[in-house]
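Here's the structure we're looking at; comments come further down.
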Amino acid sequence: MALTRLRWGPAAALLSRGNRRALSRPPAPFQPNRVAVLSKTTRLEFETERSGEREGRESERLEERLATKGSSYSGLLERHRVHNTNVQRVVDSLRAEGIEVRLVKRRDYTEETVQWADAIISAGGDGTMLLSASKVLGPIKPVIGVNTDPERSQGHLCLPVRYTQCFSEVLQKLRRGNYRWQWRQRIRIWLEGAKATPVDLHEQQLSLEQHSTAHRTAAQPASCNHVVSEPRLLPVRALNEVFLGESLSSRASYYEISIDDGPWEKHKNSGLNMCTGSGSKAWSYNINKLACQEVEDVLSIAKQKSCVDLPITAEFVEKVTEHYNQSLVFCPEEPKIFFSIREPIVNRVFTSERYRGFTSKMCVRSRCWDACMVVDGGTSFEFNDGAIATLTVDEEDALCTVVLEE
């Protein structure tokens, strides 16, 4: 077992027995022997592989093709070099500490690699961090994100950007115990009445035709390709969010929803988003956030209708807007789900008092034509008429990450 090679104190063992008091104890030095570094696929690598071009004259043809799309070959090459330079810094820092390193790309990142490693380093942005976490199903293998291109990536799930070029400082803090473990809660999914065949969406968005074709032709073992009649726990956990909706975005999505084992309600909308605390700063936040202009309009109406002298100044509007938007964000360690129904259609058939809020359990029965359930933007499952998904949070699925002391 990889855990036996670690010198990281009792925190992981205590967590596995459900003892949450481990979170408050000072961690012991963390010194892994084996580390897998997952490097993202850069845009240049993706375009090169997709076009089948190689170095030499072929690269000139690739440059011409990119130009027709308004993309700069030299710009992509520069970002590619920045990423690779920072990945090499991470690898060199690990090896300087006597740590065995396995550097892998997306297609080589397997369950075997995860089992081999004592810890996983995600070298990319948030998308790479989500991919790194996707194959780590238990809470005792740390996943650490390094933003390898801070100028082009926000990296909410990664370490602060100042560590990008000095990863050796990260290793020093881990060795001295100047950090704490953070267990990010994840969503587990039970699926019935649908094919449990996952489709990897890769780092670039598939077209509608490609997405539908992928679901029809995905090469999976026969045992995974039949319609699941009984609830089956899917082998993925959502670190950020789960989205359910029609593949064609202009088509309304039709569901029946039960919140916390409550009555089933009919909903018609632009899709359903369910997020964790980690994902509350991502898509969910942008679905629900308000702009200052919207807040100012509502306050003006309130002032007019209530005859209350509200100080509708730019500063006041900004404070109210910020207060509301911050209420949408919650701690990654909280074991709950925040759901958002996008652009709900309300009439005598489709009515509900709750279009967003917290829940511990969400059941969704699809009434869609060509829908999908997408986990963390990277893994898609068919979710058509009759399929039922049950989403919950179990602390056994929490992902172990690191918060460094500054």
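Residue numbering restarts at 1 in every chain; chains get A, B, ... in the order shown in the structure tokens, and ligands count up from 1 in that same order.
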
Using only C-alpha atoms, tabulate the residues of region 106-173 of chain A lying at most 12 Å from any atom of region 266-279 of chain A, each with its closest atom pair and that distance in Å to one decimal, by chain and increasing residue number, as a Markdown table.
```
| residue | atom | partner | partner_atom | distance |
| --- | --- | --- | --- | --- |
| A:Asp126 | CA | A:Gly279 | CA | 10.6 |
| A:Gly127 | CA | A:Gly279 | CA | 12.0 |
| A:Met129 | CA | A:Ser278 | CA | 11.6 |
| A:Leu130 | CA | A:Gly279 | CA | 10.6 |
| A:Gly155 | CA | A:Ser278 | CA | 11.8 |
| A:His156 | CA | A:Ser278 | CA | 8.6 |
| A:Leu157 | CA | A:Ser278 | CA | 7.6 |
| A:Cys158 | CA | A:Ser278 | CA | 11.3 |
```

Using the selection just defined, write its residues with N, CA, C and O atoms as a PDB file, in the first residue's frame.
```pdb
ATOM      1  N   ASP A 126      -7.277  24.569 -13.617  1.00  0.00           N
ATOM      2  CA  ASP A 126      -8.366  23.900 -12.908  1.00  0.00           C
ATOM      3  C   ASP A 126      -8.844  22.656 -13.644  1.00  0.00           C
ATOM      4  O   ASP A 126      -9.207  21.653 -13.018  1.00  0.00           O
ATOM      5  N   GLY A 127      -8.860  22.701 -14.975  1.00  0.00           N
ATOM      6  CA  GLY A 127      -9.287  21.544 -15.745  1.00  0.00           C
ATOM      7  C   GLY A 127      -8.401  20.338 -15.505  1.00  0.00           C
ATOM      8  O   GLY A 127      -8.876  19.204 -15.378  1.00  0.00           O
ATOM      9  N   MET A 129      -6.615  19.876 -12.801  1.00  0.00           N
ATOM     10  CA  MET A 129      -6.858  19.471 -11.420  1.00  0.00           C
ATOM     11  C   MET A 129      -8.093  18.572 -11.333  1.00  0.00           C
ATOM     12  O   MET A 129      -8.101  17.566 -10.614  1.00  0.00           O
ATOM     13  N   LEU A 130      -9.138  18.912 -12.075  1.00  0.00           N
ATOM     14  CA  LEU A 130     -10.341  18.094 -12.084  1.00  0.00           C
ATOM     15  C   LEU A 130     -10.053  16.718 -12.671  1.00  0.00           C
ATOM     16  O   LEU A 130     -10.553  15.703 -12.179  1.00  0.00           O
ATOM     17  N   GLY A 155      -7.002  29.316 -11.988  1.00  0.00           N
ATOM     18  CA  GLY A 155      -6.474  28.302 -11.079  1.00  0.00           C
ATOM     19  C   GLY A 155      -7.011  28.378  -9.664  1.00  0.00           C
ATOM     20  O   GLY A 155      -6.239  28.347  -8.711  1.00  0.00           O
ATOM     21  N   HIS A 156      -8.334  28.412  -9.505  1.00  0.00           N
ATOM     22  CA  HIS A 156      -8.937  28.465  -8.163  1.00  0.00           C
ATOM     23  C   HIS A 156      -8.556  27.249  -7.330  1.00  0.00           C
ATOM     24  O   HIS A 156      -8.421  27.346  -6.104  1.00  0.00           O
ATOM     25  N   LEU A 157      -8.421  26.099  -7.966  1.00  0.00           N
ATOM     26  CA  LEU A 157      -8.156  24.860  -7.245  1.00  0.00           C
ATOM     27  C   LEU A 157      -6.673  24.597  -7.040  1.00  0.00           C
ATOM     28  O   LEU A 157      -6.292  23.611  -6.414  1.00  0.00           O
ATOM     29  N   CYS A 158      -5.830  25.473  -7.570  1.00  0.00           N
ATOM     30  CA  CYS A 158      -4.381  25.278  -7.508  1.00  0.00           C
ATOM     31  C   CYS A 158      -3.763  26.059  -6.348  1.00  0.00           C
ATOM     32  O   CYS A 158      -4.412  26.909  -5.728  1.00  0.00           O
TER      33      CYS A 158
END
```

### Message
Quick one: residues within 9 Å of region 328-341 of chain A, only C-alpha atoms, excluding same-chain residues fewer than 4 positions away - as a PyMOL selection string?
### Response
chain A and resi 182-187+267+269-281+284-285+287-289+324+354-362+391-395+398

### Task
Run DSSP on the backbone and grab whatever in region 228-349 of chain A lands in strand (DSSP E); send it over as a PyMOL selection string.
chain A and resi 228+232-238+241-246+253-259+265-269+272-275+337-341

Generate the output file for the selected residues, C-alpha atoms, as an mmCIF file, in the first residue's frame.
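File out-v7.cif, as written:
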```cif
data_model
loop_
_atom_site.group_PDB
_atom_site.id
_atom_site.type_symbol
_atom_site.label_atom_id
_atom_site.label_comp_id
_atom_site.auth_asym_id
_atom_site.auth_seq_id
_atom_site.Cartn_x
_atom_site.Cartn_y
_atom_site.Cartn_z
ATOM 1 C CA VAL A 228 -28.735 -0.121 -15.995
ATOM 2 C CA ARG A 232 -25.541 1.788 -9.979
ATOM 3 C CA LEU A 233 -22.845 3.878 -8.323
ATOM 4 C CA LEU A 234 -20.834 5.530 -11.094
ATOM 5 C CA PRO A 235 -17.018 5.305 -10.876
ATOM 6 C CA VAL A 236 -16.614 9.089 -10.894
ATOM 7 C CA ARG A 237 -16.909 11.761 -8.217
ATOM 8 C CA ALA A 238 -17.690 15.400 -8.967
ATOM 9 C CA GLU A 241 -20.232 20.209 -10.354
ATOM 10 C CA VAL A 242 -22.670 17.967 -12.200
ATOM 11 C CA PHE A 243 -24.705 19.429 -15.059
ATOM 12 C CA LEU A 244 -27.791 17.840 -16.594
ATOM 13 C CA GLY A 245 -29.357 19.177 -19.760
ATOM 14 C CA GLU A 246 -30.197 18.712 -23.413
ATOM 15 C CA SER A 253 -34.655 20.521 -20.741
ATOM 16 C CA TYR A 254 -37.517 18.703 -19.048
ATOM 17 C CA TYR A 255 -37.018 16.958 -15.698
ATOM 18 C CA GLU A 256 -38.832 15.776 -12.626
ATOM 19 C CA ILE A 257 -36.944 16.660 -9.457
ATOM 20 C CA SER A 258 -37.149 15.497 -5.848
ATOM 21 C CA ILE A 259 -35.218 17.506 -3.248
ATOM 22 C CA GLU A 265 -41.882 18.390 -9.245
ATOM 23 C CA LYS A 266 -41.946 19.060 -12.983
ATOM 24 C CA HIS A 267 -39.324 21.474 -14.270
ATOM 25 C CA LYS A 268 -38.572 22.905 -17.698
ATOM 26 C CA ASN A 269 -35.439 25.003 -18.000
ATOM 27 C CA LEU A 272 -29.666 21.851 -13.851
ATOM 28 C CA ASN A 273 -26.348 22.558 -12.113
ATOM 29 C CA MET A 274 -25.377 20.931 -8.797
ATOM 30 C CA CYS A 275 -22.098 21.959 -7.204
ATOM 31 C CA ILE A 337 -24.827 20.355 -2.564
ATOM 32 C CA PHE A 338 -25.936 23.700 -3.974
ATOM 33 C CA PHE A 339 -28.366 23.315 -6.888
ATOM 34 C CA SER A 340 -29.269 25.903 -9.516
ATOM 35 C CA ILE A 341 -32.085 25.626 -12.040
#
```

#### Entry: DSSP helix (DSSP H, G or I) residues within region 264-369 of chain A, as a VMD selection string
chain A and resid 278 to 281 283 to 288 292 to 306 314 to 326

### Task
Would you please work out which residue, of A:Asp260, A:Ser306, A:Pro142, A:Arg251, is nearest to Leu174 (chain A) when using only C-alpha atoms?
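Once distances to Leu174 (chain A) are computed over only C-alpha atoms, the minimum belongs to A:Pro142.
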
### Message
Rounded to one decimal, what separation in Å do you get between CA of Arg65 (chain A) and CA of Leu44 (chain A)?
### Response
12.3 Å

### Message
If I take CA of Cys368 (chain A) and CA of Ala252 (chain A), how far is one from the other in Å, to one decimal?
### Response
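Taking CA of Cys368 (chain A) and CA of Ala252 (chain A), their separation equals 8.6 Å.
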